>>> print(open('data22.pdb').read())   # PDB, C-alpha atoms
ATOM      1  CA  MET A   1       0.000   0.000   0.000  1.00  0.00           C
ATOM      2  CA  LYS A   2       1.131   3.539  -0.762  1.00  0.00           C
ATOM      3  CA  LEU A   3      -0.267   6.580   0.995  1.00  0.00           C
ATOM      4  CA  SER A   4      -0.483  10.238   0.107  1.00  0.00           C
ATOM      5  CA  ASP A   5      -2.047  12.972   2.191  1.00  0.00           C
ATOM      6  CA  ARG A   6      -3.045  16.587   1.790  1.00  0.00           C
ATOM      7  CA  ILE A   7      -5.223  19.309   3.263  1.00  0.00           C
ATOM      8  CA  GLN A   8      -8.103  20.627   1.174  1.00  0.00           C
ATOM      9  CA  ASP A   9     -10.423  23.337   2.525  1.00  0.00           C
ATOM     10  CA  ASP A  10      -9.122  22.633   6.029  1.00  0.00           C
ATOM     11  CA  VAL A  11     -10.020  18.935   5.733  1.00  0.00           C
ATOM     12  CA  VAL A  12      -7.407  16.172   5.869  1.00  0.00           C
ATOM     13  CA  ILE A  13      -7.546  13.936   2.804  1.00  0.00           C
ATOM     14  CA  LEU A  14      -5.810  10.573   3.057  1.00  0.00           C
ATOM     15  CA  GLU A  15      -5.374   8.621  -0.171  1.00  0.00           C
ATOM     16  CA  PRO A  16      -4.217   5.044   0.344  1.00  0.00           C
ATOM     17  CA  LYS A  17      -3.445   3.071  -2.807  1.00  0.00           C
ATOM     18  CA  GLY A  18      -3.262  -0.700  -3.240  1.00  0.00           C
ATOM     19  CA  LYS A  19      -4.306  -3.253  -0.609  1.00  0.00           C
ATOM     20  CA  ILE A  20      -4.715  -2.689   3.118  1.00  0.00           C
ATOM     21  CA  MET A  21      -3.999  -6.094   4.630  1.00  0.00           C
ATOM     22  CA  GLY A  22      -1.930  -5.680   7.791  1.00  0.00           C
ATOM     23  CA  GLY A  23       1.801  -5.675   8.356  1.00  0.00           C
ATOM     24  CA  PRO A  24       3.938  -2.582   7.777  1.00  0.00           C
ATOM     25  CA  ASP A  25       1.693  -0.966   5.173  1.00  0.00           C
ATOM     26  CA  ALA A  26      -1.297  -0.951   7.485  1.00  0.00           C
ATOM     27  CA  SER A  27       0.656   0.842  10.196  1.00  0.00           C
ATOM     28  CA  LEU A  28       1.470   3.508   7.605  1.00  0.00           C
ATOM     29  CA  LEU A  29      -2.212   4.474   7.348  1.00  0.00           C
ATOM     30  CA  HIS A  30      -2.735   4.185  11.096  1.00  0.00           C
ATOM     31  CA  ASP A  31       0.318   6.337  11.891  1.00  0.00           C
ATOM     32  CA  LYS A  32      -0.554   9.056   9.351  1.00  0.00           C
ATOM     33  CA  LEU A  33      -4.128   9.214  10.624  1.00  0.00           C
ATOM     34  CA  TYR A  34      -2.936   9.645  14.211  1.00  0.00           C
ATOM     35  CA  GLU A  35      -0.283  12.153  13.148  1.00  0.00           C
ATOM     36  CA  TYR A  36      -3.093  14.453  11.982  1.00  0.00           C
ATOM     37  CA  ILE A  37      -5.273  13.717  15.014  1.00  0.00           C
ATOM     38  CA  GLU A  38      -2.370  14.717  17.266  1.00  0.00           C
ATOM     39  CA  LYS A  39      -2.066  17.954  15.283  1.00  0.00           C
ATOM     40  CA  ASN A  40      -5.697  18.590  16.212  1.00  0.00           C
ATOM     41  CA  GLN A  41      -6.888  18.156  12.617  1.00  0.00           C
ATOM     42  CA  LYS A  42     -10.271  16.700  13.397  1.00  0.00           C
ATOM     43  CA  ARG A  43     -11.953  16.555   9.996  1.00  0.00           C
ATOM     44  CA  VAL A  44     -10.688  13.650   7.940  1.00  0.00           C
ATOM     45  CA  VAL A  45     -11.735  12.064   4.653  1.00  0.00           C
ATOM     46  CA  ILE A  46     -10.249   8.767   3.543  1.00  0.00           C
ATOM     47  CA  ASP A  47     -10.429   8.513  -0.245  1.00  0.00           C
ATOM     48  CA  LEU A  48     -10.702   4.793  -1.078  1.00  0.00           C
ATOM     49  CA  ALA A  49     -10.829   5.193  -4.879  1.00  0.00           C
ATOM     50  CA  GLN A  50      -7.481   3.505  -5.385  1.00  0.00           C
ATOM     51  CA  VAL A  51      -7.765   0.786  -2.739  1.00  0.00           C
ATOM     52  CA  ASP A  52      -8.134  -2.627  -4.416  1.00  0.00           C
ATOM     53  CA  TRP A  53      -9.357  -4.247  -1.220  1.00  0.00           C
ATOM     54  CA  MET A  54      -8.880  -4.263   2.528  1.00  0.00           C
ATOM     55  CA  ASN A  55      -9.291  -6.928   5.177  1.00  0.00           C
ATOM     56  CA  SER A  56     -10.361  -6.749   8.819  1.00  0.00           C
ATOM     57  CA  THR A  57      -7.076  -5.053   9.722  1.00  0.00           C
ATOM     58  CA  GLY A  58      -7.973  -2.198   7.377  1.00  0.00           C
ATOM     59  CA  LEU A  59     -11.501  -2.038   8.803  1.00  0.00           C
ATOM     60  CA  GLY A  60      -9.976  -1.944  12.301  1.00  0.00           C
ATOM     61  CA  ILE A  61      -7.857   1.080  11.351  1.00  0.00           C
ATOM     62  CA  LEU A  62     -10.933   2.879   9.987  1.00  0.00           C
ATOM     63  CA  ILE A  63     -12.868   2.093  13.183  1.00  0.00           C
ATOM     64  CA  SER A  64      -9.973   3.239  15.362  1.00  0.00           C
ATOM     65  CA  GLY A  65      -9.769   6.560  13.499  1.00  0.00           C
ATOM     66  CA  TYR A  66     -13.541   6.960  13.546  1.00  0.00           C
ATOM     67  CA  THR A  67     -13.888   6.438  17.304  1.00  0.00           C
ATOM     68  CA  THR A  68     -10.819   8.511  18.206  1.00  0.00           C
ATOM     69  CA  LEU A  69     -12.032  11.446  16.122  1.00  0.00           C
ATOM     70  CA  ARG A  70     -15.616  11.136  17.380  1.00  0.00           C
ATOM     71  CA  ASN A  71     -14.390  11.121  20.996  1.00  0.00           C
ATOM     72  CA  ASN A  72     -12.526  14.361  20.256  1.00  0.00           C
ATOM     73  CA  GLN A  73     -15.430  16.125  18.546  1.00  0.00           C
ATOM     74  CA  GLY A  74     -14.015  15.294  15.140  1.00  0.00           C
ATOM     75  CA  GLU A  75     -15.266  13.230  12.217  1.00  0.00           C
ATOM     76  CA  LEU A  76     -13.951  10.636   9.793  1.00  0.00           C
ATOM     77  CA  LYS A  77     -15.758  10.146   6.490  1.00  0.00           C
ATOM     78  CA  LEU A  78     -15.152   7.840   3.549  1.00  0.00           C
ATOM     79  CA  ALA A  79     -15.189   8.791  -0.125  1.00  0.00           C
ATOM     80  CA  ASN A  80     -15.158   6.800  -3.363  1.00  0.00           C
ATOM     81  CA  VAL A  81     -15.869   3.491  -1.652  1.00  0.00           C
ATOM     82  CA  THR A  82     -15.301   0.725  -4.228  1.00  0.00           C
ATOM     83  CA  ASP A  83     -17.783  -2.124  -4.719  1.00  0.00           C
ATOM     84  CA  LYS A  84     -15.519  -4.622  -2.942  1.00  0.00           C
ATOM     85  CA  ILE A  85     -15.103  -2.442   0.139  1.00  0.00           C
ATOM     86  CA  GLN A  86     -18.792  -1.487   0.117  1.00  0.00           C
ATOM     87  CA  SER A  87     -19.582  -5.189   0.182  1.00  0.00           C
ATOM     88  CA  LEU A  88     -17.288  -5.668   3.200  1.00  0.00           C
ATOM     89  CA  LEU A  89     -18.895  -2.722   5.007  1.00  0.00           C
ATOM     90  CA  THR A  90     -22.309  -4.236   4.317  1.00  0.00           C
ATOM     91  CA  ILE A  91     -21.571  -7.790   5.525  1.00  0.00           C
ATOM     92  CA  THR A  92     -19.901  -6.461   8.681  1.00  0.00           C
ATOM     93  CA  LYS A  93     -22.745  -3.939   9.276  1.00  0.00           C
ATOM     94  CA  LEU A  94     -20.117  -1.177   9.382  1.00  0.00           C
ATOM     95  CA  VAL A  95     -22.149   0.474   6.656  1.00  0.00           C
ATOM     96  CA  THR A  96     -24.299   1.694   9.575  1.00  0.00           C
ATOM     97  CA  VAL A  97     -21.250   3.317  11.197  1.00  0.00           C
ATOM     98  CA  PHE A  98     -19.392   5.118   8.424  1.00  0.00           C
ATOM     99  CA  GLU A  99     -20.654   8.101   6.477  1.00  0.00           C
ATOM    100  CA  THR A 100     -19.750   7.594   2.828  1.00  0.00           C
ATOM    101  CA  HIS A 101     -19.698  10.015  -0.099  1.00  0.00           C
ATOM    102  CA  ASP A 102     -19.421   9.595  -3.856  1.00  0.00           C
ATOM    103  CA  SER A 103     -16.535  12.041  -4.113  1.00  0.00           C
ATOM    104  CA  VAL A 104     -13.959  13.800  -1.938  1.00  0.00           C
ATOM    105  CA  GLU A 105     -15.601  17.124  -2.807  1.00  0.00           C
ATOM    106  CA  ASP A 106     -18.987  15.888  -1.549  1.00  0.00           C
ATOM    107  CA  ALA A 107     -17.355  14.650   1.658  1.00  0.00           C
ATOM    108  CA  ILE A 108     -15.669  18.029   2.218  1.00  0.00           C
ATOM    109  CA  LYS A 109     -18.939  19.889   1.599  1.00  0.00           C
ATOM    110  CA  SER A 110     -20.725  17.657   4.119  1.00  0.00           C
ATOM    111  CA  PHE A 111     -18.531  19.059   6.922  1.00  0.00           C
ATOM    112  CA  GLU A 112     -19.991  22.503   6.239  1.00  0.00           C
ATOM    113  CA  ARG A 113     -23.570  21.441   6.805  1.00  0.00           C
TER     114      ARG A 113
ATOM    115  CA  MET B   1      14.099 -19.472   8.002  1.00  0.00           C
ATOM    116  CA  ASP B   2      14.287 -15.764   7.246  1.00  0.00           C
ATOM    117  CA  LYS B   3      12.438 -15.378   3.948  1.00  0.00           C
ATOM    118  CA  PRO B   4       9.503 -16.983   2.100  1.00  0.00           C
ATOM    119  CA  GLN B   5      10.065 -20.271   0.305  1.00  0.00           C
ATOM    120  CA  ILE B   6       7.973 -21.310  -2.689  1.00  0.00           C
ATOM    121  CA  SER B   7       7.682 -24.872  -3.896  1.00  0.00           C
ATOM    122  CA  GLY B   8       5.055 -25.656  -6.535  1.00  0.00           C
ATOM    123  CA  ASN B   9       1.685 -24.450  -5.244  1.00  0.00           C
ATOM    124  CA  THR B  10       2.938 -23.934  -1.692  1.00  0.00           C
ATOM    125  CA  ILE B  11       4.506 -20.933   0.011  1.00  0.00           C
ATOM    126  CA  ILE B  12       6.040 -21.119   3.491  1.00  0.00           C
ATOM    127  CA  ILE B  13       6.726 -17.864   5.328  1.00  0.00           C
ATOM    128  CA  PRO B  14       8.479 -17.014   8.583  1.00  0.00           C
ATOM    129  CA  SER B  15       5.962 -16.101  11.253  1.00  0.00           C
ATOM    130  CA  SER B  16       5.730 -12.359  10.608  1.00  0.00           C
ATOM    131  CA  THR B  17       3.080 -10.103   9.078  1.00  0.00           C
ATOM    132  CA  ARG B  18       5.935  -8.560   7.056  1.00  0.00           C
ATOM    133  CA  PHE B  19       5.411 -11.411   4.610  1.00  0.00           C
ATOM    134  CA  LEU B  20       1.665 -10.933   4.043  1.00  0.00           C
ATOM    135  CA  ALA B  21       2.389  -9.188   0.746  1.00  0.00           C
ATOM    136  CA  ASP B  22       4.552 -12.119  -0.431  1.00  0.00           C
ATOM    137  CA  VAL B  23       1.702 -14.541   0.250  1.00  0.00           C
ATOM    138  CA  ASP B  24      -0.756 -12.261  -1.534  1.00  0.00           C
ATOM    139  CA  GLU B  25       1.459 -11.969  -4.609  1.00  0.00           C
ATOM    140  CA  PHE B  26       1.825 -15.762  -4.728  1.00  0.00           C
ATOM    141  CA  VAL B  27      -1.887 -16.487  -4.240  1.00  0.00           C
ATOM    142  CA  GLU B  28      -3.155 -13.849  -6.681  1.00  0.00           C
ATOM    143  CA  GLY B  29      -0.590 -14.889  -9.289  1.00  0.00           C
ATOM    144  CA  LEU B  30      -1.700 -18.515  -9.211  1.00  0.00           C
ATOM    145  CA  LEU B  31      -5.393 -17.541  -9.290  1.00  0.00           C
ATOM    146  CA  ARG B  32      -4.770 -15.341 -12.333  1.00  0.00           C
ATOM    147  CA  ASP B  33      -2.982 -18.254 -14.030  1.00  0.00           C
ATOM    148  CA  TRP B  34      -6.094 -20.330 -13.347  1.00  0.00           C
ATOM    149  CA  GLY B  35      -8.275 -17.731 -15.097  1.00  0.00           C
ATOM    150  CA  THR B  36     -10.035 -16.434 -11.968  1.00  0.00           C
ATOM    151  CA  SER B  37     -12.071 -13.202 -12.196  1.00  0.00           C
ATOM    152  CA  ALA B  38     -10.775 -10.110 -10.409  1.00  0.00           C
ATOM    153  CA  SER B  39     -13.706 -10.089  -7.978  1.00  0.00           C
ATOM    154  CA  VAL B  40     -13.191 -13.720  -6.917  1.00  0.00           C
ATOM    155  CA  ILE B  41      -9.429 -13.177  -6.663  1.00  0.00           C
ATOM    156  CA  ALA B  42     -10.112 -10.316  -4.249  1.00  0.00           C
ATOM    157  CA  ASP B  43     -12.466 -12.450  -2.111  1.00  0.00           C
ATOM    158  CA  ILE B  44      -9.896 -15.242  -1.867  1.00  0.00           C
ATOM    159  CA  ALA B  45      -6.967 -12.859  -1.318  1.00  0.00           C
ATOM    160  CA  ILE B  46      -8.823 -11.079   1.499  1.00  0.00           C
ATOM    161  CA  SER B  47      -9.625 -14.444   3.113  1.00  0.00           C
ATOM    162  CA  VAL B  48      -6.050 -15.729   2.859  1.00  0.00           C
ATOM    163  CA  SER B  49      -4.713 -12.485   4.342  1.00  0.00           C
ATOM    164  CA  GLU B  50      -7.098 -12.894   7.290  1.00  0.00           C
ATOM    165  CA  LEU B  51      -6.002 -16.470   7.914  1.00  0.00           C
ATOM    166  CA  VAL B  52      -2.270 -15.792   7.549  1.00  0.00           C
ATOM    167  CA  ASN B  53      -2.575 -12.790   9.854  1.00  0.00           C
ATOM    168  CA  ASN B  54      -4.358 -14.952  12.449  1.00  0.00           C
ATOM    169  CA  ALA B  55      -1.831 -17.781  12.005  1.00  0.00           C
ATOM    170  CA  VAL B  56       1.087 -15.423  12.667  1.00  0.00           C
ATOM    171  CA  VAL B  57      -0.435 -13.391  15.486  1.00  0.00           C
ATOM    172  CA  HIS B  58      -2.680 -15.873  17.297  1.00  0.00           C
ATOM    173  CA  GLY B  59      -1.446 -19.279  16.098  1.00  0.00           C
ATOM    174  CA  ASN B  60       2.307 -18.877  16.278  1.00  0.00           C
ATOM    175  CA  LYS B  61       2.130 -15.899  18.679  1.00  0.00           C
ATOM    176  CA  ALA B  62       4.515 -14.166  16.236  1.00  0.00           C
ATOM    177  CA  SER B  63       7.295 -16.522  17.343  1.00  0.00           C
ATOM    178  CA  PRO B  64      10.361 -15.852  15.160  1.00  0.00           C
ATOM    179  CA  ASN B  65      10.971 -19.600  14.940  1.00  0.00           C
ATOM    180  CA  GLY B  66       7.499 -20.456  13.643  1.00  0.00           C
ATOM    181  CA  VAL B  67       6.343 -20.743  10.062  1.00  0.00           C
ATOM    182  CA  VAL B  68       3.015 -20.490   8.261  1.00  0.00           C
ATOM    183  CA  THR B  69       2.350 -22.752   5.276  1.00  0.00           C
ATOM    184  CA  VAL B  70      -0.114 -21.817   2.529  1.00  0.00           C
ATOM    185  CA  SER B  71      -0.959 -24.526  -0.036  1.00  0.00           C
ATOM    186  CA  MET B  72      -3.280 -24.149  -3.002  1.00  0.00           C
ATOM    187  CA  ARG B  73      -4.947 -26.743  -5.183  1.00  0.00           C
ATOM    188  CA  ARG B  74      -7.562 -26.720  -7.883  1.00  0.00           C
ATOM    189  CA  GLU B  75     -10.121 -29.486  -8.291  1.00  0.00           C
ATOM    190  CA  GLY B  76     -12.369 -28.784 -11.261  1.00  0.00           C
ATOM    191  CA  ASP B  77     -13.671 -25.257 -10.841  1.00  0.00           C
ATOM    192  CA  THR B  78     -13.029 -25.161  -7.115  1.00  0.00           C
ATOM    193  CA  VAL B  79      -9.921 -23.769  -5.456  1.00  0.00           C
ATOM    194  CA  THR B  80      -8.960 -24.954  -1.983  1.00  0.00           C
ATOM    195  CA  ILE B  81      -6.338 -23.222   0.111  1.00  0.00           C
ATOM    196  CA  ASP B  82      -4.881 -24.622   3.327  1.00  0.00           C
ATOM    197  CA  VAL B  83      -3.333 -22.212   5.830  1.00  0.00           C
ATOM    198  CA  ALA B  84      -1.400 -24.041   8.542  1.00  0.00           C
ATOM    199  CA  ASP B  85       0.277 -22.711  11.670  1.00  0.00           C
ATOM    200  CA  GLU B  86       2.070 -24.372  14.567  1.00  0.00           C
ATOM    201  CA  GLY B  87      -0.166 -23.114  17.329  1.00  0.00           C
ATOM    202  CA  THR B  88      -2.600 -24.759  19.689  1.00  0.00           C
ATOM    203  CA  GLY B  89      -5.777 -23.850  17.858  1.00  0.00           C
ATOM    204  CA  PHE B  90      -8.882 -21.937  18.813  1.00  0.00           C
ATOM    205  CA  ASN B  91     -12.569 -22.511  19.284  1.00  0.00           C
ATOM    206  CA  PRO B  92     -14.606 -20.505  16.739  1.00  0.00           C
ATOM    207  CA  ALA B  93     -17.556 -20.636  19.143  1.00  0.00           C
ATOM    208  CA  GLU B  94     -15.589 -18.471  21.568  1.00  0.00           C
ATOM    209  CA  ILE B  95     -15.305 -15.594  19.100  1.00  0.00           C
ATOM    210  CA  ASP B  96     -17.761 -12.783  19.805  1.00  0.00           C
ATOM    211  CA  ASP B  97     -20.407 -12.157  17.144  1.00  0.00           C
ATOM    212  CA  PRO B  98     -19.007  -9.109  15.293  1.00  0.00           C
ATOM    213  CA  LEU B  99     -22.494  -8.087  14.143  1.00  0.00           C
ATOM    214  CA  LYS B 100     -23.822  -7.528  17.650  1.00  0.00           C
ATOM    215  CA  GLU B 101     -24.362  -3.865  18.427  1.00  0.00           C
ATOM    216  CA  GLU B 102     -21.900  -3.942  21.335  1.00  0.00           C
ATOM    217  CA  ASN B 103     -19.146  -5.412  19.124  1.00  0.00           C
ATOM    218  CA  LEU B 104     -19.630  -3.214  16.053  1.00  0.00           C
ATOM    219  CA  LEU B 105     -16.917  -0.728  16.990  1.00  0.00           C
ATOM    220  CA  LYS B 106     -14.369  -3.296  18.119  1.00  0.00           C
ATOM    221  CA  GLU B 107     -11.206  -2.960  16.057  1.00  0.00           C
ATOM    222  CA  VAL B 108     -10.525  -6.710  15.943  1.00  0.00           C
ATOM    223  CA  GLY B 109     -12.494  -9.955  15.930  1.00  0.00           C
ATOM    224  CA  ARG B 110     -14.164 -10.022  12.514  1.00  0.00           C
ATOM    225  CA  GLY B 111     -11.497 -11.856  10.451  1.00  0.00           C
ATOM    226  CA  ILE B 112     -12.966 -15.368  10.538  1.00  0.00           C
ATOM    227  CA  PHE B 113     -16.466 -13.950  10.083  1.00  0.00           C
ATOM    228  CA  ILE B 114     -15.364 -12.213   6.876  1.00  0.00           C
ATOM    229  CA  VAL B 115     -13.710 -15.411   5.610  1.00  0.00           C
ATOM    230  CA  GLU B 116     -16.936 -17.335   6.229  1.00  0.00           C
ATOM    231  CA  GLN B 117     -18.901 -14.742   4.242  1.00  0.00           C
ATOM    232  CA  LEU B 118     -16.522 -14.581   1.272  1.00  0.00           C
ATOM    233  CA  MET B 119     -15.703 -18.261   0.859  1.00  0.00           C
ATOM    234  CA  ASP B 120     -17.991 -21.193  -0.061  1.00  0.00           C
ATOM    235  CA  LYS B 121     -16.541 -23.549   2.562  1.00  0.00           C
ATOM    236  CA  VAL B 122     -14.369 -23.198   5.672  1.00  0.00           C
ATOM    237  CA  ASP B 123     -12.964 -26.187   7.593  1.00  0.00           C
ATOM    238  CA  ILE B 124     -10.882 -25.929  10.752  1.00  0.00           C
ATOM    239  CA  ALA B 125      -8.649 -28.821  11.839  1.00  0.00           C
ATOM    240  CA  VAL B 126      -6.750 -28.640  15.128  1.00  0.00           C
ATOM    241  CA  SER B 127      -3.976 -31.113  15.961  1.00  0.00           C
ATOM    242  CA  LYS B 128      -1.005 -31.252  18.323  1.00  0.00           C
ATOM    243  CA  ARG B 129       1.187 -29.960  15.486  1.00  0.00           C
ATOM    244  CA  GLY B 130      -0.931 -26.893  14.828  1.00  0.00           C
ATOM    245  CA  THR B 131      -4.092 -25.571  13.242  1.00  0.00           C
ATOM    246  CA  THR B 132      -4.988 -25.885   9.564  1.00  0.00           C
ATOM    247  CA  ILE B 133      -7.845 -23.890   8.104  1.00  0.00           C
ATOM    248  CA  SER B 134      -9.008 -24.989   4.648  1.00  0.00           C
ATOM    249  CA  ILE B 135     -11.057 -22.604   2.543  1.00  0.00           C
ATOM    250  CA  SER B 136     -12.711 -23.362  -0.780  1.00  0.00           C
ATOM    251  CA  LYS B 137     -14.425 -21.310  -3.448  1.00  0.00           C
ATOM    252  CA  ALA B 138     -15.669 -21.875  -6.984  1.00  0.00           C
ATOM    253  CA  ILE B 139     -13.633 -19.814  -9.420  1.00  0.00           C
ATOM    254  CA  ALA B 140     -15.842 -20.323 -12.465  1.00  0.00           C
TER     255      ALA B 140
END
>>> encode(input="data22.pdb", output="structure tokens")
Amino acid sequence: MKLSDRIQDDVVILEPKGKIMGGPDASLLHDKLYEYIEKNQKRVVIDLAQVDWMNSTGLGILISGYTTLRNNQGELKLANVTDKIQSLLTITKLVTVFETHDSVEDAIKSFER
Amino acid sequence: MDKPQISGNTIIIPSSTRFLADVDEFVEGLLRDWGTSASVIADIAISVSELVNNAVVHGNKASPNGVVTVSMRREGDTVTIDVADEGTGFNPAEIDDPLKEENLLKEVGRGIFIVEQLMDKVDIAVSKRGTTISISKAIA
């Protein structure tokens, strides 16, 4: 997995690419997420457009970020969720937890509402 | 053993999650050779990653001396993959239901559940030498 990150309209955008399966690449996403949380950046969008698939380790990282941000009056949202990941969110019922958007722009706008 | 070893349709890795990507490359490569669709490859690859992760972390307790063996075979249109560790096994009945409201936000504990959803068949065999989980799925 590769990971790029940026700030757009005061929202953190994380863009993982490849597969999120555990091991060193998973800690990359976890560490970057917490790097921003520690900087008090509390609005985060994870753009999943280029993620082929993820396993329960990847879901665990999303949950960890979601709960940490929520407990600190922040929010984590997902954008461009692929069919494979949407299917995983559905079978694990995590679809009821995460707010998802069709694009990063839509996710950013949703913070303003 | 300090790096993965491949022999035919089998890959053996040292007991570390550092080698998850090696297993994935091996498994996906063989599935592509067998003409498997991208969606089914993803389902199987996700499942194997769950089992190898569990084998390293829970089975072998990440012991540097342990190994995890992943063997693949094709019978007709069905692929079966065995993931074997050297641990003492586990009781699936003791795993909390990840769909229960109180477990929904737990960061771990849904690996085997996901495997059961994505694969057609899951068999768990525990012996004194370790645990082997066999998963099967039709690829055509």
>>> resolve_selection(input="data22.pdb", expression="the ChimeraX specification (/B :<6) & /A", output="list in words")
Gly23, Asn55, Ser56 and Gly60 of chain A
>>> resolve_selection(input="data22.pdb", expression="the PyMOL selection byres ((chain A and resi 36) around 12)", output="PyMOL selection string")
chain A and resi 5-7+10-14+29-35+37-45+65+68-69+74+76
>>> closest_residue(input="data22.pdb", among="B:Leu30, B:Val40, B:Ala55, B:Val67", to="Lys3 in chain B", atoms="all atoms listed in the file")
B:Val67
>>> resolve_selection(input="data22.pdb", expression="the PyMOL selection byres ((chain B and resi 9) around 12)", output="PDB file with C-alpha atoms, in the frame of the given file")
ATOM      1  CA  GLN B   5      10.065 -20.271   0.305  1.00  0.00           C
ATOM      2  CA  ILE B   6       7.973 -21.310  -2.689  1.00  0.00           C
ATOM      3  CA  SER B   7       7.682 -24.872  -3.896  1.00  0.00           C
ATOM      4  CA  GLY B   8       5.055 -25.656  -6.535  1.00  0.00           C
ATOM      5  CA  THR B  10       2.938 -23.934  -1.692  1.00  0.00           C
ATOM      6  CA  ILE B  11       4.506 -20.933   0.011  1.00  0.00           C
ATOM      7  CA  ILE B  12       6.040 -21.119   3.491  1.00  0.00           C
ATOM      8  CA  VAL B  23       1.702 -14.541   0.250  1.00  0.00           C
ATOM      9  CA  PHE B  26       1.825 -15.762  -4.728  1.00  0.00           C
ATOM     10  CA  VAL B  27      -1.887 -16.487  -4.240  1.00  0.00           C
ATOM     11  CA  GLU B  28      -3.155 -13.849  -6.681  1.00  0.00           C
ATOM     12  CA  GLY B  29      -0.590 -14.889  -9.289  1.00  0.00           C
ATOM     13  CA  LEU B  30      -1.700 -18.515  -9.211  1.00  0.00           C
ATOM     14  CA  LEU B  31      -5.393 -17.541  -9.290  1.00  0.00           C
ATOM     15  CA  ASP B  33      -2.982 -18.254 -14.030  1.00  0.00           C
ATOM     16  CA  TRP B  34      -6.094 -20.330 -13.347  1.00  0.00           C
ATOM     17  CA  THR B  69       2.350 -22.752   5.276  1.00  0.00           C
ATOM     18  CA  VAL B  70      -0.114 -21.817   2.529  1.00  0.00           C
ATOM     19  CA  SER B  71      -0.959 -24.526  -0.036  1.00  0.00           C
ATOM     20  CA  MET B  72      -3.280 -24.149  -3.002  1.00  0.00           C
ATOM     21  CA  ARG B  73      -4.947 -26.743  -5.183  1.00  0.00           C
ATOM     22  CA  ARG B  74      -7.562 -26.720  -7.883  1.00  0.00           C
ATOM     23  CA  VAL B  79      -9.921 -23.769  -5.456  1.00  0.00           C
ATOM     24  CA  THR B  80      -8.960 -24.954  -1.983  1.00  0.00           C
ATOM     25  CA  ILE B  81      -6.338 -23.222   0.111  1.00  0.00           C
ATOM     26  CA  ASP B  82      -4.881 -24.622   3.327  1.00  0.00           C
TER      27      ASP B  82
END
>>> axis_aligned_box(input="data22.pdb", around="range 23-27 of chain A", padding_each_side="8 Å", output="AutoDock Vina command-line options")
--center_x 1.3 --center_y -2.4 --center_z 7.7 --size_x 21.2 --size_y 22.5 --size_z 21.0
>>> residues_around(input="data22.pdb", residues="Met1 in chain A", least_positions_apart="3", cutoff="6 Å", atoms="only C-alpha atoms", output="ChimeraX atom specification")
/A:17-19,25
>>> atom_distance(input="data22.pdb", atom1="CA of Val122 in chain B", atom2="CA of Asp83 in chain A")
23.7 Å
>>> atom_distance(input="data22.pdb", atom1="CA of Ala140 in chain B", atom2="CA of Met119 in chain B")
13.5 Å
>>> closest_residue(input="data22.pdb", among="B:Ala138, B:Ile124, B:Ile13, B:Met1", to="Ala93 in chain B", atoms="all atoms listed in the file")
B:Ile124
>>> atom_distance(input="data22.pdb", atom1="CA of Thr67 in chain A", atom2="CA of Ser27 in chain A")
17.1 Å
>>> residues_around(input="data22.pdb", residues="range 84-86 of chain A", least_positions_apart="4", cutoff="8 Å", atoms="only C-alpha atoms", output="ChimeraX atom specification")
/A:52-54,90,95 /B:39,42
>>> closest_residue(input="data22.pdb", among="B:Lys128, B:Glu116, B:Ser63, B:Pro4", to="Thr92 in chain A", atoms="only C-alpha atoms")
B:Glu116
>>> residues_near_point(input="data22.pdb", point="(-15.1, -26.4, 3.9)", cutoff="7 Å", atoms="all atoms listed in the file", output="JSON, numbers by chain")
{"B": [121, 122, 123, 134, 135, 136]}
>>> closest_residue(input="data22.pdb", among="B:Ile133, B:Val68, B:Val52, B:Ile41", to="Phe90 in chain B", atoms="only C-alpha atoms")
B:Ile133
>>> closest_residue(input="data22.pdb", among="A:His101, A:Lys2, A:Lys93, A:Arg70", to="Asp47 in chain A", atoms="only C-alpha atoms")
A:His101
>>> closest_residue(input="data22.pdb", among="B:Thr36, B:Asp120, B:Asn103, B:Thr131", to="Asn60 in chain B", atoms="all atoms listed in the file")
B:Thr131
